[in-house]
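J.: Sending over a structure as structure tokens; questions will come in a sec.
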Amino acid sequence: MLHFLRLSDFVGWNYEKTGNPVYLHIKQTKKLVPEDRPSKKPTLLAIGVDGGFDNNEPEYEETHSVVILPEYVSLPFPSVELPEKVRLAVDAIVLAEGTERKEQLAAWTADKKKVSSYATNLQQIDNGVVIPPSGWKCAKCDKADNLWLNLTDGMILCERKNWDGTGGNNHAFEHYQETGYPIAVKLGTITADLEAADVYSYPDDESVLDPQLAQHLAFFGLDFSSLRKTEMTTAERELDHNTNFDWNRIQESGQEVDPIFGPGYTGLVNIGNSCYMAATIQVVFSTRSFTSRYYLNQSLKKAFEMSPADPTVDLNMQLTKLAHGILSGKYSVPAFENDEKENVATSTRTAKQEGIRPHMFKSVIAASHPEFSSTQQQDALEFFLHFLDQVERANTGKTELDPSRSFKFGIEDRILCSSGKVTYNRRNDYILSLNIPLHEATNEEELESFHKLKAEKLAEGKEINANEIVRPRVPLETCLVNFSAPEEIQDFYSTALKAKTTALKTAGLTSFPDYLVLHMRRFVMEAGREPKKLDVHIDVPDIIDISHMRSKGQQSGEELLPDGVPGEQDSNKISANEEIVAQLVSMGFNHLHCQKAAINTSNVGVEEAMNWLLSHMDDPDIDNPISKGHGSETIVDQSKVDILISFGFEEEIARNALKASGGDIEKATDWIFNNPDASVSSMDASPSNAESTTNDVNLPDGGGKYRLMGILSHSGTSLQCGHYVAHILKDGRWAIFNDNKVGASIDPPKEMGYLYFFERL
């Protein structure tokens with residue numbers, strides 16, 4: 001069953017393609033709803049679910065008719081004059097759930113709270129504490145809202161401080177850290193409906209259900225039946241933040257932003273923590289490569305004709321539809337212009353626009369990635385890499401059409417062993433990931449004065465004002481120089497010495513892409529494996545020149561390390577470098593996966609380990625424990641080799657492709673097609689061979705000068721929360737893209753970027 005938005009276009013194309021003549025036309029008319037309509041009381045926090053959260057979206061009345069092509073004869077429905085088979089088919093269509101409805105139900109049902117074992121086995125302390133039914137205040141400060149009652153000892157304390165400075169002073173969480181008392185309930189969320197109360201388990205780090213909440217409250221003299229709701233729960237606040245993000249509190253210090261409408265300025269509606277996807281897509285579709293591939297050089301009709309029987313699962317079709325939706329300007333109009341019931345003459349211009357809801361695109365692009373299929377916040381970097389990988393796969397065998405190649409470039413690592421011999425490793429990448437050397441901040445004097453002022457105010461019991469805060473400022477050029485600077489590698493296995501040793505690694509680029517994406521490593525791991533976001537500003541110029549970063553390759557007189565791999569005895573000793581593991585974990589990766597990445601790249605560095613990790617995340621054995629005899633030799637399933645041989649590939653080619661792809665047949669097939677010049681001898685060569693096995697001959701290349709054209713900034717303390725916004729240089733001016741709100745940027749936050757997009761000059 002296919003759904004088409006416009007009767008005149010897609011329906012006609014589908015008739016030409018399939019010959020199917022009968023279609024159901026569904027017309028929606030907005031209902032006029034009285035202003036004083038009583039709202040439903042939610043029992044579940046779920047959009048659109050019966051008894052769930054009412055997000056006040058307009059309601060529509062539907063009328064149906066059966067349309068017969070090619071003459072477009074319209075017959076009203078329901079009608080007894082229609083054949084029974086047609087009536088049954090129409091009934092089935094009307095009752096069917098669409099993509100958006102299915103995604104909402106699946107996502108919100110999956111997020112249902114669980115019963116915590118800490119709640120069911122809670123031991124409460126009889127310390128004589130009696131909690132009054134109102135008038136609460138934090139026991140450690142003057143906060144009188146957003147308070148949490150610890151159910152072990154009855155302490156009332158304020159919540160954590162939010163990323164934007166709101167919230168509490170972390171006293172409830174600090175109390176848990178000091179005492180280990182695990183469960184707290186948010187005061188003001190307790191009513192007769194106890195399941196709706198906001199109960200939080202610190203060890204589980206999530207909202208939970210407490211089946212004995214009535215008894216736990218009564219222990220401190222609280223009668224839940226007499227309490228009323230005065231506060232939003234954590235889940236309600238998250239939902240409210242994501243569906244009603246305030247345009248005037250965007251990253252630009254709350255300044256008023258003039259809305260922009262028209263081609264290339266179409267917003268993407270937030271469909272549930274989807275800002276990471278929206279911001280990334282807006283920047284990507286502002287590049288010439290993606291604009292040409294899916295908009296200028298490919299019509300909707302052409303993409304539809306090329307699509308399979310079900311175009312809803314075809315990435316090429318969905319990318320084309322998304323590109324036309326974003327770039328045509330058809331959906332980038334003030335919201336009132338799309339509402340037939342509004343009086344346009346008296347309406348005021350608003351920053352909001354209808355925009356488009358990319359449900360079908362998200363369904364297709366996330367089909368092979370369970371995290372992106374959810375409504376949880378995700379890492380924009382991880383989505384960007386996944387997106388380009390899927391685009392590259394969709395264009396396999398059509399290199400000249402593949403727009404993802406405009407981001408791809410080669411990196412060469414030169415490793416100097418203590419024996420004096422060298423090895424060269426090459427790889428391709430879409431991003432240049434940069435450390436931020438805080439010790440090279442350019443405002444040390446200001447920082448020193450600020451820390452002194454902060455210490456004085458803390459001693460006096462005063463708080464630092466927001467406008468007094470001084471952050472380290474690190475030039476982007478310093479980060480780029482740091483990338484190419486020599487790096488010491490511990491526990492490097494030398495095939496010349498046949499033992500572990502210390503080596504020096506330097507890195508350079510073998511090609512310069514059309515679009516250079518810089519990833520700033522703002523998230524690091526502190527002592528105790530606690531992730532922390534660096535509160536630092538990056539000084540980013542409009543123009544950069546990375547010509548000095550081009551690699552030189554093997555130099556005359558250099559002697560290469562001999563081919564070889566660690567022997568069985570040596571491989572048993574290989575263990576993961578904890579510094580590499582810690583940096584990867586701080587980016588949000590699984591600890592076990594990070595250990596495997598470090599081991600499988602011989603602890604060469606974070607960059608190599610991250611690249612291995614991103615290409616092996618879907619391996620079937622990625623969650624298997626690390627065996628004691630783990631070495632660098634990969635065992636390949638012979639049955640998978642036989643399958644590739646049956647496709648017509650040589651056995652050794654198939655075996656090496658499976659090694660390179662972690663045993664995934666589909667990835668191995670793609671690898672072979674993407675490396676058509678790879679031979680058995682070249683693939684068998686050790687990485688120490690200066691001739692790279694990476695096929696970067698056809699990668700885009702040019703000069704090293706680039707202009708800043710896009711910024712992805714992240715607000716929040718973790719990659720799993722917060723909000724993403726894109727700033728893009730278009731038509732000679734900066735524009736801000738905040739979900740479905742698009743406007744002229746007054747002061748783009750160049751110093752706060754998480755991802756920077758540069759266009760080669």
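Residues are named by chain letter and number: chains run A, B, ... in the order of the structure tokens, numbers start at 1 in each chain, and ligands are numbered from 1 in the order shown.
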Do you know which residues are at most 10 Å from His171 of chain A counting only C-alpha atoms, after dropping those on the same chain fewer than 6 positions away, and could you put them as a VMD selection string?

T.: chain A and resid 138 to 141 147 to 148 156 to 161 177

J.: Can you pull out every residue within 8 Å of Phe737 of chain A, counting only C-alpha atoms, but drop anything in the same chain fewer than 6 positions away, and send it as a PyMOL selection string?

T.: chain A and resi 267+279+282+725-728+743

J.: Find the spatial neighbours of Ile736 of chain A, counting only C-alpha atoms, within a cut-off of 10 Å - ignore same-chain residues fewer than 2 positions away - and output them as a list in words.

T.: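 Residues near the query, excluding close chain neighbours: Ile250, Gln251, Glu252, Val257, Pro259, Ile260, Tyr265, Ala279, Gly710, Ile711, Val725, Ala726, His727, Ile728, Leu729, Trp734, Asn738, Asp739, Lys741, Val742, Gly743, Ala744, Ser745, Ile746, Asp747 and Pro748 of chain A.
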
J.: When DSSP is applied to the backbone of this structure, which of segment 170-331 of chain A are assigned strand (DSSP E)? Write them out as a compact mmCIF listing (two decimals) with all heavy atoms, in the first residue's frame.

T.:
```
# COMPACT_ATOMS: atom_id res chain seq x y z
N ILE A 183 17.06 5.67 45.64
CA ILE A 183 15.78 6.05 45.03
C ILE A 183 15.30 7.40 45.56
O ILE A 183 15.35 7.67 46.76
CB ILE A 183 14.70 4.99 45.30
CG1 ILE A 183 15.12 3.64 44.72
CG2 ILE A 183 13.36 5.41 44.69
CD1 ILE A 183 15.14 3.59 43.21
N ALA A 184 14.81 8.24 44.62
CA ALA A 184 14.22 9.52 45.01
C ALA A 184 12.97 9.75 44.18
O ALA A 184 12.85 9.26 43.06
CB ALA A 184 15.21 10.66 44.81
N VAL A 185 12.01 10.50 44.74
CA VAL A 185 10.79 10.85 44.02
C VAL A 185 10.69 12.36 43.95
O VAL A 185 11.04 13.06 44.91
CB VAL A 185 9.55 10.24 44.70
CG1 VAL A 185 9.39 10.75 46.12
CG2 VAL A 185 8.29 10.53 43.88
N LYS A 186 10.25 12.87 42.83
CA LYS A 186 10.16 14.32 42.65
C LYS A 186 8.89 14.84 43.31
O LYS A 186 7.78 14.43 42.96
CB LYS A 186 10.17 14.68 41.16
CG LYS A 186 10.22 16.18 40.92
CD LYS A 186 10.40 16.50 39.45
CE LYS A 186 10.53 18.00 39.24
NZ LYS A 186 10.73 18.36 37.83
N VAL A 199 9.71 8.88 39.71
CA VAL A 199 10.62 8.17 40.62
C VAL A 199 11.91 7.91 39.85
O VAL A 199 11.88 7.40 38.73
CB VAL A 199 10.02 6.85 41.11
CG1 VAL A 199 10.98 6.14 42.05
CG2 VAL A 199 8.68 7.10 41.79
N TYR A 200 13.04 8.25 40.47
CA TYR A 200 14.33 8.11 39.77
C TYR A 200 15.25 7.19 40.55
O TYR A 200 15.39 7.29 41.77
CB TYR A 200 15.00 9.48 39.62
CG TYR A 200 16.11 9.50 38.60
CD1 TYR A 200 15.83 9.69 37.26
CD2 TYR A 200 17.44 9.32 38.99
CE1 TYR A 200 16.83 9.71 36.31
CE2 TYR A 200 18.45 9.33 38.05
CZ TYR A 200 18.15 9.53 36.71
OH TYR A 200 19.15 9.52 35.79
N SER A 201 15.87 6.26 39.80
CA SER A 201 16.85 5.35 40.38
C SER A 201 18.24 5.80 39.94
O SER A 201 18.56 5.76 38.76
CB SER A 201 16.60 3.91 39.92
OG SER A 201 17.70 3.08 40.26
N GLU A 206 17.88 6.20 35.46
CA GLU A 206 16.69 6.41 34.66
C GLU A 206 15.46 6.47 35.55
O GLU A 206 15.49 6.06 36.71
CB GLU A 206 16.52 5.30 33.62
CG GLU A 206 16.33 3.91 34.21
CD GLU A 206 16.19 2.85 33.15
OE1 GLU A 206 16.03 3.21 31.97
OE2 GLU A 206 16.23 1.66 33.49
N SER A 207 14.37 6.98 34.98
CA SER A 207 13.09 7.00 35.69
C SER A 207 12.55 5.58 35.79
O SER A 207 12.64 4.81 34.81
CB SER A 207 12.09 7.90 34.97
OG SER A 207 12.52 9.24 34.99
N VAL A 208 11.99 5.22 36.94
CA VAL A 208 11.54 3.85 37.18
C VAL A 208 10.17 3.86 37.85
O VAL A 208 9.64 4.91 38.21
CB VAL A 208 12.55 3.07 38.07
CG1 VAL A 208 13.89 2.94 37.38
CG2 VAL A 208 12.70 3.77 39.43
N LEU A 209 9.62 2.67 38.03
CA LEU A 209 8.39 2.48 38.79
C LEU A 209 8.73 1.94 40.18
O LEU A 209 9.59 1.07 40.32
CB LEU A 209 7.45 1.50 38.08
CG LEU A 209 6.80 1.99 36.78
CD1 LEU A 209 6.00 0.86 36.14
CD2 LEU A 209 5.91 3.20 37.03
```

J.: Enumerate as a list in words all residues of segment 107-196 of chain A assigned to helix (DSSP H, G or I) by DSSP on the backbone, naming them with the chain letters and numbers the document uses.

T.: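 For segment 107-196 of chain A, the helix (DSSP H, G or I) set is Ala107, Trp108, Thr109, Ala110, Ser117, Tyr118, Ala119, Thr120, His171, Ala172, Phe173, Glu174, His175, Tyr176, Gln177, Glu178, Thr179, Leu194, Glu195 and Ala196 of chain A.
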
J.: Mind dumping the selected residues with N, CA and C atoms as a PDB file, in the first residue's frame?

T.:
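So selection_16.pdb came out as:
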```pdb
ATOM      1  N   ALA A 107       8.131   3.707  19.394  1.00  0.00           N
ATOM      2  CA  ALA A 107       9.125   4.432  20.176  1.00  0.00           C
ATOM      3  C   ALA A 107       8.671   4.658  21.608  1.00  0.00           C
ATOM      4  N   TRP A 108       7.435   5.141  21.779  1.00  0.00           N
ATOM      5  CA  TRP A 108       6.990   5.464  23.131  1.00  0.00           C
ATOM      6  C   TRP A 108       6.655   4.231  23.949  1.00  0.00           C
ATOM      7  N   THR A 109       6.195   3.178  23.309  1.00  0.00           N
ATOM      8  CA  THR A 109       5.948   1.930  24.035  1.00  0.00           C
ATOM      9  C   THR A 109       7.252   1.340  24.530  1.00  0.00           C
ATOM     10  N   ALA A 110       8.306   1.451  23.679  1.00  0.00           N
ATOM     11  CA  ALA A 110       9.605   0.903  24.041  1.00  0.00           C
ATOM     12  C   ALA A 110      10.214   1.635  25.233  1.00  0.00           C
ATOM     13  N   SER A 117      14.576  -2.807  40.965  1.00  0.00           N
ATOM     14  CA  SER A 117      14.847  -3.727  42.083  1.00  0.00           C
ATOM     15  C   SER A 117      15.264  -2.950  43.323  1.00  0.00           C
ATOM     16  N   TYR A 118      15.852  -1.757  43.116  1.00  0.00           N
ATOM     17  CA  TYR A 118      16.249  -0.930  44.261  1.00  0.00           C
ATOM     18  C   TYR A 118      15.018  -0.421  45.012  1.00  0.00           C
ATOM     19  N   ALA A 119      13.917  -0.234  44.274  1.00  0.00           N
ATOM     20  CA  ALA A 119      12.688   0.235  44.912  1.00  0.00           C
ATOM     21  C   ALA A 119      12.010  -0.878  45.691  1.00  0.00           C
ATOM     22  N   THR A 120      11.980  -2.072  45.087  1.00  0.00           N
ATOM     23  CA  THR A 120      11.281  -3.188  45.741  1.00  0.00           C
ATOM     24  C   THR A 120      12.028  -3.677  46.981  1.00  0.00           C
ATOM     25  N   HIS A 171      22.343  18.998  44.514  1.00  0.00           N
ATOM     26  CA  HIS A 171      22.416  18.495  45.885  1.00  0.00           C
ATOM     27  C   HIS A 171      21.822  17.097  46.036  1.00  0.00           C
ATOM     28  N   ALA A 172      20.756  16.781  45.293  1.00  0.00           N
ATOM     29  CA  ALA A 172      20.155  15.441  45.402  1.00  0.00           C
ATOM     30  C   ALA A 172      21.118  14.384  44.885  1.00  0.00           C
ATOM     31  N   PHE A 173      21.771  14.678  43.763  1.00  0.00           N
ATOM     32  CA  PHE A 173      22.710  13.716  43.186  1.00  0.00           C
ATOM     33  C   PHE A 173      23.954  13.578  44.068  1.00  0.00           C
ATOM     34  N   GLU A 174      24.436  14.701  44.592  1.00  0.00           N
ATOM     35  CA  GLU A 174      25.604  14.638  45.468  1.00  0.00           C
ATOM     36  C   GLU A 174      25.298  13.825  46.732  1.00  0.00           C
ATOM     37  N   HIS A 175      24.064  13.931  47.227  1.00  0.00           N
ATOM     38  CA  HIS A 175      23.660  13.152  48.403  1.00  0.00           C
ATOM     39  C   HIS A 175      23.710  11.653  48.096  1.00  0.00           C
ATOM     40  N   TYR A 176      23.274  11.287  46.899  1.00  0.00           N
ATOM     41  CA  TYR A 176      23.366   9.873  46.486  1.00  0.00           C
ATOM     42  C   TYR A 176      24.827   9.430  46.425  1.00  0.00           C
ATOM     43  N   GLN A 177      25.696  10.280  45.871  1.00  0.00           N
ATOM     44  CA  GLN A 177      27.113   9.916  45.767  1.00  0.00           C
ATOM     45  C   GLN A 177      27.739   9.722  47.148  1.00  0.00           C
ATOM     46  N   GLU A 178      27.299  10.532  48.115  1.00  0.00           N
ATOM     47  CA  GLU A 178      27.867  10.447  49.466  1.00  0.00           C
ATOM     48  C   GLU A 178      27.325   9.259  50.246  1.00  0.00           C
ATOM     49  N   THR A 179      26.028   8.936  50.054  1.00  0.00           N
ATOM     50  CA  THR A 179      25.372   7.921  50.896  1.00  0.00           C
ATOM     51  C   THR A 179      25.083   6.605  50.182  1.00  0.00           C
ATOM     52  N   LEU A 194      -0.265   7.043  41.275  1.00  0.00           N
ATOM     53  CA  LEU A 194       1.121   6.880  41.712  1.00  0.00           C
ATOM     54  C   LEU A 194       2.067   6.491  40.579  1.00  0.00           C
ATOM     55  N   GLU A 195       1.548   5.802  39.565  1.00  0.00           N
ATOM     56  CA  GLU A 195       2.423   5.402  38.458  1.00  0.00           C
ATOM     57  C   GLU A 195       2.931   6.603  37.675  1.00  0.00           C
ATOM     58  N   ALA A 196       2.215   7.710  37.743  1.00  0.00           N
ATOM     59  CA  ALA A 196       2.631   8.908  37.018  1.00  0.00           C
ATOM     60  C   ALA A 196       3.674   9.710  37.776  1.00  0.00           C
TER      61      ALA A 196
END
```

J.: Give the answer as one residue: which of A:Ala598, A:Ala503, A:Met306, A:Ala496 has the shortest atom-to-atom distance to Glu578 of chain A, using only C-alpha atoms?

T.: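 Closest to Glu578 of chain A of all the choices is A:Ala598.
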
J.: Need to verify the contact set: Leu416 of chain A, 10 Å, only C-alpha atoms, exclusion of same-chain residues closer than 6 positions in sequence. Can you return it as a list in words?

T.: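 The filter keeps Val422, Thr423, Tyr424, Pro486, Glu488, Ile489, Ser494, Thr502, Ala503, Leu504, Lys505, Thr506, Glu558, Leu560 and Leu561 of chain A.
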
J.: For Thr399 of chain A, work out the shell of residues within 10 Å, counting only C-alpha atoms and skipping chain neighbours fewer than 6 positions away, then give it as a PyMOL selection string.

T.: chain A and resi 392+405+674+698-699

J.: Just the selected residues (all heavy atoms), exported as a short mmCIF file (atom, residue, chain, number, x, y, z; two decimals), in the first residue's frame, please.

T.:
```cif
data_model
loop_
_atom_site.label_atom_id
_atom_site.label_comp_id
_atom_site.auth_asym_id
_atom_site.auth_seq_id
_atom_site.Cartn_x
_atom_site.Cartn_y
_atom_site.Cartn_z
N GLU A 392 26.87 5.92 0.13
CA GLU A 392 27.92 5.27 -0.67
C GLU A 392 27.47 3.88 -1.12
O GLU A 392 27.66 3.49 -2.28
CB GLU A 392 29.21 5.16 0.14
CG GLU A 392 30.37 4.56 -0.64
CD GLU A 392 31.65 4.51 0.16
OE1 GLU A 392 31.57 4.46 1.41
OE2 GLU A 392 32.74 4.51 -0.44
N ARG A 405 31.40 10.99 -1.92
CA ARG A 405 32.84 11.07 -2.20
C ARG A 405 33.37 12.49 -2.06
O ARG A 405 34.58 12.70 -1.91
CB ARG A 405 33.14 10.52 -3.60
CG ARG A 405 32.92 9.03 -3.73
CD ARG A 405 33.29 8.53 -5.12
NE ARG A 405 34.71 8.61 -5.39
CZ ARG A 405 35.61 7.73 -4.97
NH1 ARG A 405 35.23 6.70 -4.25
NH2 ARG A 405 36.89 7.87 -5.26
N ASN A 674 34.47 -1.66 -4.22
CA ASN A 674 35.12 -0.37 -3.99
C ASN A 674 36.63 -0.43 -4.13
O ASN A 674 37.31 0.59 -4.09
CB ASN A 674 34.76 0.16 -2.60
CG ASN A 674 33.31 0.59 -2.50
OD1 ASN A 674 32.72 0.99 -3.50
ND2 ASN A 674 32.73 0.47 -1.32
N ASN A 698 40.82 7.73 -7.08
CA ASN A 698 39.74 8.52 -7.65
C ASN A 698 39.11 9.49 -6.65
O ASN A 698 38.04 10.04 -6.92
CB ASN A 698 38.66 7.58 -8.20
CG ASN A 698 39.17 6.72 -9.33
OD1 ASN A 698 39.91 7.19 -10.19
ND2 ASN A 698 38.78 5.45 -9.33
N LEU A 699 39.74 9.68 -5.52
CA LEU A 699 39.18 10.61 -4.55
C LEU A 699 39.34 12.05 -5.05
O LEU A 699 40.31 12.37 -5.74
CB LEU A 699 39.89 10.47 -3.20
CG LEU A 699 39.65 9.18 -2.43
CD1 LEU A 699 40.40 9.21 -1.10
CD2 LEU A 699 38.17 8.97 -2.17
#
```

J.: Suppose you want the space between atom CA of Thr287 of chain A and atom CA of Ile365 of chain A; what is it in Å?

T.: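 We find that atom CA of Thr287 of chain A and atom CA of Ile365 of chain A lie 19.3 Å from each other.
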
J.: Could you list, as a count of residues only, every residue within 6 Å of segment 325-332 of chain A, counting only C-alpha atoms and ignoring same-chain residues fewer than 6 positions away?

T.: 6

J.: A:Gln555, A:Ser406, A:Asn273, A:Ser433: which is nearest Met610 of chain A, counting only C-alpha atoms?

T.: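 Of the candidates, the smallest distance to Met610 of chain A is held by A:Ser433.
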
J.: In Å, rounded to a single decimal, give me how far atom CA of Ser419 of chain A is from atom CA of Trp612 of chain A.

T.: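 If I compute the distance from atom CA of Trp612 of chain A to atom CA of Ser419 of chain A, I get 26.8 Å.
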
J.: Which residue gives the smallest distance to Gly588 of chain A among A:Glu652, A:Asp379, A:Asp91, A:Asp402, with only C-alpha atoms counted?

T.: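 Closest residue, counting only C-alpha atoms: A:Asp379.
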